[in-house]
file start_18.cif (mmCIF, C-alpha atoms)
data_start
loop_
_atom_site.label_atom_id
_atom_site.label_comp_id
_atom_site.auth_asym_id
_atom_site.auth_seq_id
_atom_site.Cartn_x
_atom_site.Cartn_y
_atom_site.Cartn_z
CA MET A 100 -15.75 -24.80 -40.67
CA THR A 101 -12.43 -22.90 -40.91
CA PHE A 102 -14.12 -19.71 -39.75
CA LEU A 103 -15.76 -21.42 -36.76
CA THR A 104 -12.54 -23.20 -35.77
CA ALA A 105 -10.48 -19.99 -35.94
CA PHE A 106 -13.15 -18.06 -34.03
CA VAL A 107 -13.40 -20.65 -31.24
CA PHE A 108 -9.61 -21.02 -31.01
CA GLU A 109 -9.08 -17.28 -30.51
CA ILE A 110 -11.92 -17.07 -28.01
CA LEU A 111 -10.43 -19.96 -26.05
CA SER A 112 -6.94 -18.44 -26.18
CA SER A 113 -7.92 -14.86 -25.33
CA PHE A 114 -10.68 -15.21 -22.74
CA PRO A 115 -8.58 -16.80 -19.94
CA TYR A 116 -5.92 -14.17 -20.57
CA LEU A 117 -8.44 -11.34 -20.21
CA TRP A 118 -9.93 -13.01 -17.15
CA LEU A 119 -6.51 -13.16 -15.51
CA ASP A 120 -6.06 -9.47 -16.35
CA TYR A 121 -9.29 -8.24 -14.82
CA TYR A 122 -10.20 -10.71 -12.07
CA PRO A 123 -7.58 -9.56 -9.50
CA PHE A 124 -8.94 -5.99 -9.91
CA ARG A 125 -12.66 -6.84 -9.82
CA SER A 126 -13.21 -4.48 -6.86
CA GLU A 127 -11.26 -1.59 -8.39
CA PHE A 128 -13.18 -0.85 -11.59
CA ARG A 129 -13.73 2.78 -12.55
CA PHE A 130 -17.11 1.89 -14.05
CA PRO A 131 -19.89 -0.57 -13.18
CA ARG A 132 -18.87 -4.15 -13.81
CA TRP A 133 -21.47 -4.70 -16.52
CA ILE A 134 -20.08 -1.78 -18.53
CA VAL A 135 -16.52 -3.11 -18.26
CA ALA A 136 -17.72 -6.62 -19.17
CA LEU A 137 -19.65 -5.24 -22.15
CA PHE A 138 -16.67 -3.36 -23.59
CA VAL A 139 -14.19 -6.17 -22.93
CA THR A 140 -16.51 -8.79 -24.46
CA GLY A 141 -17.31 -6.56 -27.44
CA THR A 142 -13.62 -5.92 -28.11
CA LEU A 143 -12.84 -9.64 -27.82
CA LEU A 144 -15.64 -10.69 -30.18
CA LEU A 145 -14.67 -8.03 -32.75
CA TYR A 146 -11.06 -9.18 -32.72
CA CYS A 147 -11.93 -12.90 -32.92
CA PHE A 148 -14.39 -12.25 -35.77
CA SER A 149 -11.76 -10.25 -37.72
CA PHE A 150 -9.13 -12.92 -37.10
CA ALA A 151 -11.45 -15.71 -38.25
CA ILE A 152 -12.48 -13.82 -41.40
CA LEU A 153 -8.87 -13.10 -42.38
CA THR A 154 -7.85 -16.70 -41.68
CA THR A 155 -10.74 -18.05 -43.77
CA GLN A 156 -9.74 -15.77 -46.68
CA GLY A 157 -6.16 -17.01 -46.53
CA TYR A 158 -4.61 -13.87 -45.03
CA GLY A 159 -2.85 -15.68 -42.19
CA THR A 160 -0.02 -13.16 -41.87
CA ILE A 161 -2.44 -10.22 -41.65
CA ALA A 162 -4.55 -12.22 -39.18
CA ARG A 163 -1.48 -12.55 -36.97
CA MET A 164 -0.93 -8.81 -37.17
CA THR A 165 -4.41 -8.25 -35.75
CA GLU A 166 -3.21 -9.98 -32.58
CA PHE A 167 -0.78 -7.11 -31.88
CA ILE A 168 -3.41 -4.49 -32.71
CA ALA A 169 -5.92 -6.23 -30.43
CA ALA A 170 -3.32 -6.46 -27.66
CA PHE A 171 -2.70 -2.70 -27.88
CA PHE A 172 -6.39 -1.76 -27.70
CA SER A 173 -6.92 -4.33 -24.95
CA LEU A 174 -4.15 -2.62 -22.98
CA LEU A 175 -5.79 0.79 -23.40
CA LEU A 176 -9.13 -0.59 -22.23
CA PHE A 177 -7.43 -2.27 -19.27
CA LEU A 178 -5.72 0.96 -18.16
CA VAL A 179 -8.91 2.98 -18.50
CA SER A 180 -11.06 0.44 -16.64
CA ILE A 181 -8.92 -0.05 -13.51
CA LYS A 182 -8.37 2.52 -10.73
CA ALA A 183 -4.69 1.87 -10.09
CA ASP A 184 -1.19 3.00 -10.99
CA PRO A 185 -1.01 2.64 -14.81
CA TRP A 186 2.69 1.71 -14.78
CA LYS A 187 2.09 -1.17 -12.40
CA LEU A 188 -0.87 -2.25 -14.51
CA LEU A 189 1.35 -2.19 -17.59
CA PHE A 190 3.90 -4.44 -15.88
CA LEU A 191 1.19 -6.97 -14.96
CA TYR A 192 -0.30 -6.77 -18.45
CA ILE A 193 3.02 -7.67 -20.08
CA PHE A 194 3.36 -10.59 -17.66
CA ASN A 195 -0.06 -11.93 -18.74
CA LEU A 196 0.75 -11.31 -22.38
CA ASP A 197 3.84 -13.49 -22.03
CA TYR A 198 1.69 -16.19 -20.45
CA LEU A 199 -0.69 -16.13 -23.43
CA THR A 200 2.27 -16.21 -25.84
CA MET A 201 3.72 -19.23 -24.04
CA VAL A 202 0.41 -21.13 -24.10
CA CYS A 203 -0.11 -20.49 -27.82
CA GLY A 204 3.51 -21.40 -28.61
CA THR A 205 3.29 -24.61 -26.60
CA THR A 206 0.03 -25.50 -28.33
CA PHE A 207 1.59 -25.09 -31.78
CA TYR A 208 4.73 -27.02 -30.76
CA VAL A 209 2.79 -29.98 -29.34
CA GLU A 210 0.53 -30.14 -32.38
CA SER A 211 3.52 -30.03 -34.76
CA LEU A 212 5.16 -32.90 -32.90
CA LEU A 213 2.07 -35.11 -32.83
CA PHE A 214 0.48 -34.27 -36.20
CA TYR A 215 3.26 -32.89 -38.36
CA SER A 216 2.69 -32.32 -42.06
CA PRO A 217 4.07 -29.64 -44.43
CA ASN A 218 0.57 -28.15 -44.77
CA LEU A 219 -0.26 -28.25 -41.06
CA ASN A 220 -2.78 -25.58 -40.01
CA PHE A 221 -2.36 -24.47 -36.41
CA VAL A 222 -5.91 -23.18 -36.19
CA SER A 223 -7.73 -26.50 -36.05
CA PRO A 224 -9.94 -28.58 -33.76
CA ARG A 225 -6.75 -30.26 -32.50
CA SER A 226 -5.35 -26.85 -31.57
CA ILE A 227 -8.52 -26.10 -29.63
CA VAL A 228 -8.24 -29.35 -27.64
CA ILE A 229 -4.54 -28.89 -26.87
CA ALA A 230 -5.00 -25.23 -25.88
CA PHE A 231 -7.95 -26.17 -23.67
CA VAL A 232 -5.91 -28.82 -21.83
CA LEU A 233 -2.98 -26.44 -21.34
CA LEU A 234 -5.24 -23.70 -20.03
CA CYS A 235 -6.94 -26.08 -17.60
CA LEU A 236 -3.54 -27.10 -16.26
CA THR A 237 -1.96 -23.64 -16.04
CA THR A 238 -4.73 -21.11 -15.39
CA PRO A 239 -5.48 -22.00 -11.71
CA PRO A 240 -1.83 -21.73 -10.54
CA MET A 241 -1.39 -18.60 -12.66
CA LEU A 242 -4.42 -17.00 -11.02
CA LEU A 243 -3.02 -17.76 -7.56
CA PHE A 244 0.35 -16.39 -8.53
CA LEU A 245 -1.09 -13.23 -10.08
CA ARG A 246 -3.13 -12.45 -6.97
CA LYS A 247 0.02 -12.66 -4.85
CA MET A 248 1.95 -10.76 -7.48
CA LYS A 249 -0.61 -7.96 -7.53
CA GLU A 250 -0.41 -7.60 -3.74
CA ARG A 251 3.37 -7.38 -3.76
CA VAL A 252 3.51 -5.00 -6.70
CA PHE A 253 0.95 -2.56 -5.28
CA GLU A 254 2.36 -2.56 -1.77
CA THR A 255 5.69 -1.32 -3.17
CA ASP A 256 5.67 2.44 -3.48
CA ALA A 257 8.37 3.54 -5.93
CA PRO A 258 6.70 5.65 -8.66
CA ALA A 259 9.92 6.47 -10.53
CA PHE A 260 10.91 2.80 -10.54
CA TRP A 261 7.60 1.53 -11.91
CA ARG A 262 7.65 4.11 -14.68
CA VAL A 263 10.67 2.40 -16.25
CA VAL A 264 10.79 -1.19 -14.99
CA TRP A 265 8.22 -2.44 -17.54
CA VAL A 266 10.61 -1.62 -20.39
CA MET A 267 12.87 -4.61 -19.73
CA PRO A 268 10.18 -7.34 -19.87
CA LEU A 269 8.64 -5.60 -22.89
CA PHE A 270 11.92 -5.74 -24.81
CA ILE A 271 12.37 -9.41 -23.88
CA THR A 272 8.85 -10.14 -25.13
CA ILE A 273 9.39 -8.29 -28.42
CA ILE A 274 12.70 -10.08 -29.04
CA VAL A 275 11.17 -13.52 -28.40
CA LEU A 276 8.13 -12.77 -30.58
CA LEU A 277 10.38 -11.62 -33.42
CA TYR A 278 12.59 -14.68 -33.01
CA THR A 279 9.58 -17.02 -33.09
CA SER A 280 7.40 -15.08 -35.55
CA ASP A 281 7.76 -17.72 -38.27
CA LEU A 282 4.83 -20.10 -37.66
CA SER A 283 5.60 -22.49 -40.49
CA PRO A 284 5.33 -26.17 -39.45
CA GLU A 285 9.07 -26.69 -40.07
CA ASN A 286 10.04 -23.85 -37.72
CA VAL A 287 7.43 -24.53 -35.03
CA GLN A 288 8.57 -28.17 -34.79
CA GLN A 289 12.05 -27.05 -33.73
CA PHE A 290 12.75 -27.30 -30.01
CA ARG A 291 14.23 -23.80 -30.01
CA PHE A 292 10.76 -22.40 -30.86
CA PHE A 293 9.19 -24.06 -27.83
CA PHE A 294 12.21 -23.35 -25.63
CA SER A 295 12.20 -19.63 -26.54
CA ARG A 296 8.54 -19.23 -25.57
CA VAL A 297 8.94 -21.13 -22.30
CA LEU A 298 12.22 -19.40 -21.47
CA MET A 299 10.49 -16.04 -21.93
CA MET A 300 7.94 -16.99 -19.26
CA VAL A 301 10.63 -18.41 -16.97
CA GLY A 302 12.55 -15.17 -17.43
CA MET A 303 9.51 -13.18 -16.35
CA PHE A 304 9.15 -15.29 -13.21
CA ALA A 305 12.86 -14.88 -12.47
CA PHE A 306 12.68 -11.14 -13.12
CA PHE A 307 9.74 -10.80 -10.75
CA TYR A 308 11.44 -12.76 -7.97
CA VAL A 309 14.58 -10.66 -8.35
CA LEU A 310 12.35 -7.60 -7.94
CA LEU A 311 10.81 -9.11 -4.80
CA TYR A 312 14.22 -9.83 -3.35
CA THR A 313 15.34 -6.28 -4.11
CA PHE A 314 12.17 -4.83 -2.61
CA ASP A 315 12.59 -6.92 0.53
CA MET A 316 16.18 -5.73 0.93
CA ILE A 317 15.13 -2.10 0.45
CA ARG A 318 12.22 -2.54 2.87
CA ARG A 319 14.44 -4.05 5.57
CA GLU A 320 16.93 -1.21 5.21
CA THR A 321 14.07 1.30 5.31
CA GLU A 322 12.67 -0.33 8.45
CA MET A 323 16.07 -0.18 10.12
CA ARG A 324 16.40 3.51 9.26
CA GLU A 325 12.86 4.09 10.45
CA ARG A 326 13.55 2.31 13.74
CA ALA A 327 16.67 4.41 14.25
CA ALA A 328 14.66 7.56 13.49
CA GLN A 329 11.97 6.39 15.94
CA GLN A 330 14.56 5.95 18.67
CA GLU A 331 16.04 9.40 17.98
CA TYR A 332 12.56 10.91 17.99
CA LEU A 333 11.67 9.21 21.26
CA LEU A 334 14.96 10.26 22.86
CA ALA A 335 14.34 13.85 21.79
CA LEU A 336 10.90 13.80 23.38
CA GLN A 337 12.30 12.19 26.50
CA ARG A 338 14.95 14.92 26.74
CA THR A 339 12.21 17.53 26.42
CA GLN A 340 10.19 15.79 29.12
CA TYR A 341 13.27 15.45 31.34
CA ASN A 342 14.05 19.15 31.03
CA GLN A 343 10.48 20.01 31.98
CA ILE A 344 10.65 17.73 35.04
CA SER A 345 14.06 19.16 36.01
CA ARG A 346 12.74 22.71 35.84
CA HIS A 347 9.70 21.73 37.90
CA MET A 348 11.88 20.06 40.53
CA GLU A 349 14.15 23.12 40.73
CA GLU A 350 11.15 25.43 41.13
CA THR A 351 9.72 23.13 43.79
CA ARG A 352 13.07 23.07 45.62
CA ARG A 353 13.22 26.87 45.67
CA ALA A 354 9.60 27.04 46.85
CA ARG A 355 10.34 24.66 49.72
CA HIS A 356 13.45 26.65 50.63
CA ASP A 357 11.35 29.82 50.86
CA LEU A 358 8.59 28.10 52.77
CA SER A 359 10.11 28.83 56.19
CA HIS A 360 10.17 32.55 55.42
CA HIS A 361 6.55 32.47 54.31
CA LEU A 362 5.57 30.67 57.52
CA LYS A 363 7.15 33.44 59.57
CA VAL A 364 5.12 36.02 57.66
CA VAL A 365 1.94 33.98 58.19
CA ASN A 366 2.64 33.74 61.93
CA GLY A 367 3.14 37.52 61.96
CA PHE A 368 -0.29 38.11 60.43
CA LEU A 369 -1.86 35.66 62.89
CA ALA A 370 -0.16 37.30 65.86
CA ALA A 371 -1.48 40.67 64.74
CA ASP A 372 -4.92 39.15 64.10
CA ASP A 373 -4.79 40.68 60.58
CA LEU A 374 -6.96 38.20 58.66
CA ASP A 375 -7.48 40.48 55.66
CA GLY A 376 -3.78 40.93 55.26
CA LEU A 377 -3.27 37.15 55.63
CA ARG A 378 -5.82 36.45 52.91
CA LYS A 379 -4.15 38.87 50.50
CA TYR A 380 -0.73 37.43 51.26
CA MET A 381 -1.92 33.83 50.77
CA ALA A 382 -3.53 34.75 47.43
CA SER A 383 -0.26 36.33 46.31
CA TYR A 384 1.72 33.32 47.55
CA GLU A 385 -0.52 30.90 45.66
CA GLN A 386 0.14 32.73 42.38
CA MET A 387 3.86 32.39 42.97
CA GLN A 388 3.72 28.57 43.02
CA PRO A 389 5.15 26.77 39.94
CA PRO A 390 2.54 25.16 37.69
CA ASN A 391 2.24 21.41 37.77
CA THR A 392 3.67 20.55 34.34
CA VAL A 393 4.29 16.88 35.06
CA ARG A 394 1.64 14.89 33.22
CA SER A 395 0.86 11.26 33.83
CA TYR A 396 -1.45 9.48 31.39
CA CYS A 397 -0.30 5.88 31.75
CA LYS A 398 2.28 3.71 33.49
CA ASN A 399 4.44 3.17 30.42
CA TYR A 400 7.09 5.89 30.40
CA ALA A 401 7.75 5.93 26.62
CA VAL A 402 4.07 6.17 25.69
CA ASN A 403 3.47 8.76 28.41
CA THR A 404 6.33 10.84 27.04
CA ILE A 405 4.82 10.89 23.54
CA VAL A 406 1.34 11.80 24.77
CA SER A 407 2.68 14.43 27.20
CA TYR A 408 4.63 16.15 24.45
CA TYR A 409 1.64 16.45 22.13
CA ALA A 410 -0.63 17.40 25.02
CA GLU A 411 1.64 20.36 25.74
CA GLU A 412 1.80 21.33 22.05
CA ALA A 413 -1.99 21.13 21.81
CA GLU A 414 -2.36 23.27 24.92
CA LYS A 415 -0.09 25.94 23.41
CA ALA A 416 -2.27 25.99 20.27
CA GLY A 417 -5.53 26.15 22.25
CA ILE A 418 -6.61 22.67 21.17
CA ASP A 419 -8.73 20.58 23.51
CA PHE A 420 -6.70 17.44 24.24
CA THR A 421 -8.34 14.56 26.11
CA VAL A 422 -6.77 11.20 26.90
CA GLY A 423 -8.11 7.89 28.11
CA MET A 424 -5.30 5.35 28.41
CA ASP A 425 -4.78 2.02 30.11
CA MET A 426 -1.19 1.16 29.22
CA PRO A 427 0.82 -0.98 31.66
CA MET A 428 4.55 -0.59 32.17
CA SER A 429 5.20 -3.74 30.12
CA LEU A 430 3.55 -3.84 26.70
CA PRO A 431 2.73 -6.86 24.47
CA VAL A 432 4.32 -5.04 21.48
CA ASP A 433 7.60 -3.22 20.98
CA GLU A 434 7.57 0.21 22.65
CA SER A 435 9.28 1.96 19.73
CA ASP A 436 6.72 0.60 17.25
CA LEU A 437 3.77 1.70 19.38
CA CYS A 438 5.36 5.11 19.95
CA SER A 439 5.94 5.47 16.21
CA ILE A 440 2.27 4.78 15.49
CA LEU A 441 1.10 7.10 18.25
CA GLY A 442 3.55 9.83 17.24
CA ASN A 443 2.50 9.72 13.57
CA LEU A 444 -1.21 9.82 14.38
CA LEU A 445 -0.83 12.63 16.91
CA GLU A 446 1.43 14.62 14.57
CA ASN A 447 -1.18 14.40 11.81
CA ALA A 448 -3.96 15.25 14.24
CA LEU A 449 -2.08 18.27 15.59
CA THR A 450 -1.35 19.53 12.06
CA ALA A 451 -5.02 19.20 11.06
CA CYS A 452 -6.20 21.03 14.19
CA GLN A 453 -3.67 23.85 13.80
CA LYS A 454 -5.06 24.57 10.32
CA ILE A 455 -8.51 25.16 11.81
CA GLY A 456 -7.31 28.26 13.64
CA GLN A 457 -9.98 30.23 15.49
CA THR A 458 -12.84 29.34 13.14
CA LYS A 459 -14.11 26.63 15.46
CA ALA A 460 -13.12 24.68 18.56
CA ALA A 461 -10.55 22.03 17.67
CA TYR A 462 -9.97 18.87 19.64
CA ILE A 463 -7.93 15.68 19.79
CA HIS A 464 -9.23 12.62 21.61
CA VAL A 465 -6.86 9.75 22.38
CA LEU A 466 -7.97 6.32 23.57
CA ALA A 467 -5.65 3.37 24.14
CA ARG A 468 -5.76 0.10 26.02
CA THR A 469 -4.20 -3.33 26.19
CA LYS A 470 -6.24 -6.51 26.42
CA GLY A 471 -4.20 -9.66 26.70
CA SER A 472 -1.77 -9.68 23.78
CA PHE A 473 -3.71 -7.01 21.86
CA VAL A 474 -3.24 -3.24 21.81
CA ASP A 475 -6.11 -1.01 20.67
CA LEU A 476 -5.47 2.62 19.82
CA ALA A 477 -7.77 5.36 18.52
CA VAL A 478 -7.10 9.02 17.72
CA ASP A 479 -9.99 11.27 16.68
CA ASN A 480 -9.42 14.89 15.73
CA SER A 481 -11.11 17.87 14.15
CA CYS A 482 -10.38 18.22 10.45
CA LEU A 483 -11.88 20.86 8.13
CA ILE A 484 -10.99 19.26 4.79
CA GLU A 485 -11.17 15.57 3.95
CA PRO A 486 -7.68 14.15 3.24
CA VAL A 487 -7.14 13.27 -0.42
CA MET A 488 -6.49 9.62 -1.20
CA LYS A 489 -4.87 8.30 -4.39
CA ASN A 490 -4.09 4.67 -5.19
CA GLY A 491 -5.08 3.68 -1.67
CA ARG A 492 -2.74 6.21 0.00
CA PHE A 493 -3.21 9.68 1.45
CA LEU A 494 -1.52 12.60 -0.28
CA SER A 495 0.72 14.71 1.93
CA THR A 496 -0.47 18.14 3.08
CA HIS A 497 3.15 19.32 3.51
CA HIS A 498 4.60 18.51 0.08
CA ASP A 499 3.75 17.03 -3.31
CA GLY A 500 3.37 13.27 -3.27
CA TYR A 501 2.23 10.73 -0.71
CA GLY A 502 2.30 11.21 3.04
CA VAL A 503 4.63 8.92 4.97
CA GLY A 504 2.93 8.90 8.39
CA THR A 505 -0.07 6.74 7.55
CA VAL A 506 2.13 4.47 5.39
CA SER A 507 4.41 3.89 8.38
CA VAL A 508 1.38 3.11 10.56
CA ARG A 509 0.08 0.55 8.05
CA SER A 510 3.53 -1.01 7.70
CA ILE A 511 3.97 -1.49 11.46
CA ALA A 512 0.42 -2.83 11.88
CA LYS A 513 1.05 -5.35 9.10
CA ARG A 514 4.13 -6.65 10.91
CA TYR A 515 1.96 -7.29 13.97
CA HIS A 516 -0.85 -8.91 11.91
CA GLY A 517 -3.05 -6.02 12.99
CA SER A 518 -5.57 -3.75 11.32
CA VAL A 519 -5.72 -0.04 10.51
CA GLN A 520 -8.80 2.02 9.70
CA PHE A 521 -8.99 5.66 8.61
CA HIS A 522 -12.33 7.40 8.24
CA PHE A 523 -13.48 10.98 7.66
CA GLU A 524 -17.00 12.14 8.49
CA ASP A 525 -18.57 15.46 9.50
CA GLN A 526 -15.20 17.27 9.70
CA VAL A 527 -13.74 14.64 12.01
CA PHE A 528 -10.90 12.28 11.10
CA TYR A 529 -11.03 8.91 12.85
CA ALA A 530 -7.96 6.67 13.07
CA SER A 531 -7.94 3.30 14.81
CA VAL A 532 -5.22 0.68 15.06
CA THR A 533 -5.19 -2.81 16.52
CA LEU A 534 -1.92 -4.72 17.06
CA SER A 535 -1.44 -8.34 18.03
CA GLY A 536 1.58 -9.13 20.19
CA ARG A 537 1.36 -12.87 19.57
#
call {"tool": "encode", "arguments": {"input": "start_18.cif", "output": "structure tokens"}}
result
Amino acid sequence: MTFLTAFVFEILSSFPYLWLDYYPFRSEFRFPRWIVALFVTGTLLLYCFSFAILTTQGYGTIARMTEFIAAFFSLLLFLVSIKADPWKLLFLYIFNLDYLTMVCGTTFYVESLLFYSPNLNFVSPRSIVIAFVLLCLTTPPMLLFLRKMKERVFETDAPAFWRVVWVMPLFITIIVLLYTSDLSPENVQQFRFFFSRVLMMVGMFAFFYVLLYTFDMIRRETEMRERAAQQEYLLALQRTQYNQISRHMEETRRARHDLSHHLKVVNGFLAADDLDGLRKYMASYEQMQPPNTVRSYCKNYAVNTIVSYYAEEAEKAGIDFTVGMDMPMSLPVDESDLCSILGNLLENALTACQKIGQTKAAYIHVLARTKGSFVDLAVDNSCLIEPVMKNGRFLSTHHDGYGVGTVSVRSIAKRYHGSVQFHFEDQVFYASVTLSGR
């Protein structure tokens, strides 16, 4: 009976904890789900069997030690099974471990208050009932919280930070476990035992919310710097465009000034009835005319400036650049945000096409339109090598680490409750963005 009670109690205590660990990552397993489930279940059963055997034989202290050993191997299995940043996974694992510690501590405290005796055994049918009730009450909100927590943790890109931030909650957990390691009925009945376990969990919540606040502050500052950089970038392109227009106007002015002289020459050829000479002169005059460098792709000046700049750069590199745009003067989204998205996508497309060289014809196709409060944008370009993705982000082709262009695009689209899709197929990279101006 003691064996069965200990076995069931550990199963009941450990399974929800493991479920909370793995469920938020159910679509990010490295291996088929049945393999992960088999290893996790096998590890759990082996631990619970060992714990129950040691408890039945009277080795309670050693049985408790197996909990730490099981937690370590469970962590290794968790890190191996999930395709995600291991440091972020470690942070979430410690959070769940504290939750399990709090539930077990609360179970022992409640049982000691209601059924105290000097020989009280905390692995009993009463413990099973109390733990079951606590898990029923706390697991649903914990699952909701962990899903939100996972989203916030993995959307924050700070590799150096995540490599060290888990140390603080780990030390807090170790200190609390050492402080409450004595599971004698006299010690467990003390309020400080219960308070220490609960305070540990409260501290984890507080620590996480402080992190969120810090991340939000950093993100807002980053967005402000990014907006300032976007404005500088747009102004630089506008200056380039303005200089091109100014040169074209000056060349046109000189051409018009010389027009009267050319008309006199034409009249001279006509008076002499020298048609061959007139044809040669007109052909020479046509070659002297300034090229039409003013490009107009849409009515919005800022967007047209961005596209015109990259069209000229593509033309210099011998890249086929085609545009289909229907952008009004007034847009349903902020001009600087749309220009940032367009600039990042076209910069990446131009870089990919320039790497192709003369091996094959490279091209960039740009499509954009507004429909009501929505803006749809697509940039397709030639690309020899598929971009490398890690942890849901593309690695940079210019330096070690992640690229910032696609991250910026995703960040802006998220602010507008939009969507972003990147796809590579048959040496073509497809990027599409939808923004909602509501």
call {"tool": "closest_residue", "arguments": {"input": "start_18.cif", "among": "A:Val487, A:Ala170, A:Leu269, A:Met164", "to": "Met303 in chain A", "atoms": "all atoms listed in the file"}}
result
A:Leu269
call {"tool": "resolve_selection", "arguments": {"input": "start_18.cif", "expression": "the PyMOL selection byres ((chain A and resi 468-483) around 6)", "output": "PyMOL selection string"}}
result
chain A and resi 424-426+431+448+451-452+461-467+484+526-536
call {"tool": "write_last_selection", "arguments": {"input": "start_18.cif", "atoms": "C-alpha atoms", "output": "PDB file, keeping the file's coordinate frame"}}
result
ATOM      1  CA  MET A 424      -5.300   5.350  28.410  1.00  0.00           C
ATOM      2  CA  ASP A 425      -4.780   2.020  30.110  1.00  0.00           C
ATOM      3  CA  MET A 426      -1.190   1.160  29.220  1.00  0.00           C
ATOM      4  CA  PRO A 431       2.730  -6.860  24.470  1.00  0.00           C
ATOM      5  CA  ALA A 448      -3.960  15.250  14.240  1.00  0.00           C
ATOM      6  CA  ALA A 451      -5.020  19.200  11.060  1.00  0.00           C
ATOM      7  CA  CYS A 452      -6.200  21.030  14.190  1.00  0.00           C
ATOM      8  CA  ALA A 461     -10.550  22.030  17.670  1.00  0.00           C
ATOM      9  CA  TYR A 462      -9.970  18.870  19.640  1.00  0.00           C
ATOM     10  CA  ILE A 463      -7.930  15.680  19.790  1.00  0.00           C
ATOM     11  CA  HIS A 464      -9.230  12.620  21.610  1.00  0.00           C
ATOM     12  CA  VAL A 465      -6.860   9.750  22.380  1.00  0.00           C
ATOM     13  CA  LEU A 466      -7.970   6.320  23.570  1.00  0.00           C
ATOM     14  CA  ALA A 467      -5.650   3.370  24.140  1.00  0.00           C
ATOM     15  CA  ILE A 484     -10.990  19.260   4.790  1.00  0.00           C
ATOM     16  CA  GLN A 526     -15.200  17.270   9.700  1.00  0.00           C
ATOM     17  CA  VAL A 527     -13.740  14.640  12.010  1.00  0.00           C
ATOM     18  CA  PHE A 528     -10.900  12.280  11.100  1.00  0.00           C
ATOM     19  CA  TYR A 529     -11.030   8.910  12.850  1.00  0.00           C
ATOM     20  CA  ALA A 530      -7.960   6.670  13.070  1.00  0.00           C
ATOM     21  CA  SER A 531      -7.940   3.300  14.810  1.00  0.00           C
ATOM     22  CA  VAL A 532      -5.220   0.680  15.060  1.00  0.00           C
ATOM     23  CA  THR A 533      -5.190  -2.810  16.520  1.00  0.00           C
ATOM     24  CA  LEU A 534      -1.920  -4.720  17.060  1.00  0.00           C
ATOM     25  CA  SER A 535      -1.440  -8.340  18.030  1.00  0.00           C
ATOM     26  CA  GLY A 536       1.580  -9.130  20.190  1.00  0.00           C
TER      27      GLY A 536
END
call {"tool": "closest_residue", "arguments": {"input": "start_18.cif", "among": "A:Thr154, A:Trp265, A:Gly504, A:Leu298", "to": "Pro185 in chain A", "atoms": "all atoms listed in the file"}}
result
A:Trp265
call {"tool": "residues_around", "arguments": {"input": "start_18.cif", "residues": "Thr142 in chain A", "least_positions_apart": "4", "cutoff": "10 Å", "atoms": "all atoms listed in the file", "output": "VMD selection string"}}
result
chain A and resid 136 to 138 146 to 148 169 172 to 173 176
call {"tool": "resolve_selection", "arguments": {"input": "start_18.cif", "expression": "the PyMOL selection byres ((chain A and resi 208) around 9)", "output": "PDB file with C-alpha atoms, in the frame of the given file"}}
result
ATOM      1  CA  CYS A 203      -0.110 -20.490 -27.820  1.00  0.00           C
ATOM      2  CA  GLY A 204       3.510 -21.400 -28.610  1.00  0.00           C
ATOM      3  CA  THR A 205       3.290 -24.610 -26.600  1.00  0.00           C
ATOM      4  CA  THR A 206       0.030 -25.500 -28.330  1.00  0.00           C
ATOM      5  CA  PHE A 207       1.590 -25.090 -31.780  1.00  0.00           C
ATOM      6  CA  VAL A 209       2.790 -29.980 -29.340  1.00  0.00           C
ATOM      7  CA  GLU A 210       0.530 -30.140 -32.380  1.00  0.00           C
ATOM      8  CA  SER A 211       3.520 -30.030 -34.760  1.00  0.00           C
ATOM      9  CA  LEU A 212       5.160 -32.900 -32.900  1.00  0.00           C
ATOM     10  CA  LEU A 213       2.070 -35.110 -32.830  1.00  0.00           C
ATOM     11  CA  PRO A 284       5.330 -26.170 -39.450  1.00  0.00           C
ATOM     12  CA  VAL A 287       7.430 -24.530 -35.030  1.00  0.00           C
ATOM     13  CA  GLN A 288       8.570 -28.170 -34.790  1.00  0.00           C
ATOM     14  CA  GLN A 289      12.050 -27.050 -33.730  1.00  0.00           C
ATOM     15  CA  PHE A 290      12.750 -27.300 -30.010  1.00  0.00           C
ATOM     16  CA  PHE A 292      10.760 -22.400 -30.860  1.00  0.00           C
ATOM     17  CA  PHE A 293       9.190 -24.060 -27.830  1.00  0.00           C
TER      18      PHE A 293
END
call {"tool": "residues_near_point", "arguments": {"input": "start_18.cif", "point": "(10.6, -13.1, -9.7)", "cutoff": "12 Å", "atoms": "all atoms listed in the file", "output": "list in words"}}
result
Phe194, Phe244, Leu245, Lys247, Met248, Arg251, Val252, Pro268, Met300, Val301, Gly302, Met303, Phe304, Ala305, Phe306, Phe307, Tyr308, Val309, Leu310, Leu311, Tyr312, Thr313 and Phe314 of chain A
call {"tool": "closest_residue", "arguments": {"input": "start_18.cif", "among": "A:Ala183, A:Val139, A:Met201, A:Ala401", "to": "Met428 in chain A", "atoms": "only C-alpha atoms"}}
result
A:Ala401
call {"tool": "residues_around", "arguments": {"input": "start_18.cif", "residues": "Leu103 in chain A", "least_positions_apart": "5", "cutoff": "10 Å", "atoms": "all atoms listed in the file", "output": "PyMOL selection string"}}
result
chain A and resi 108+148+151-152+155+223-224
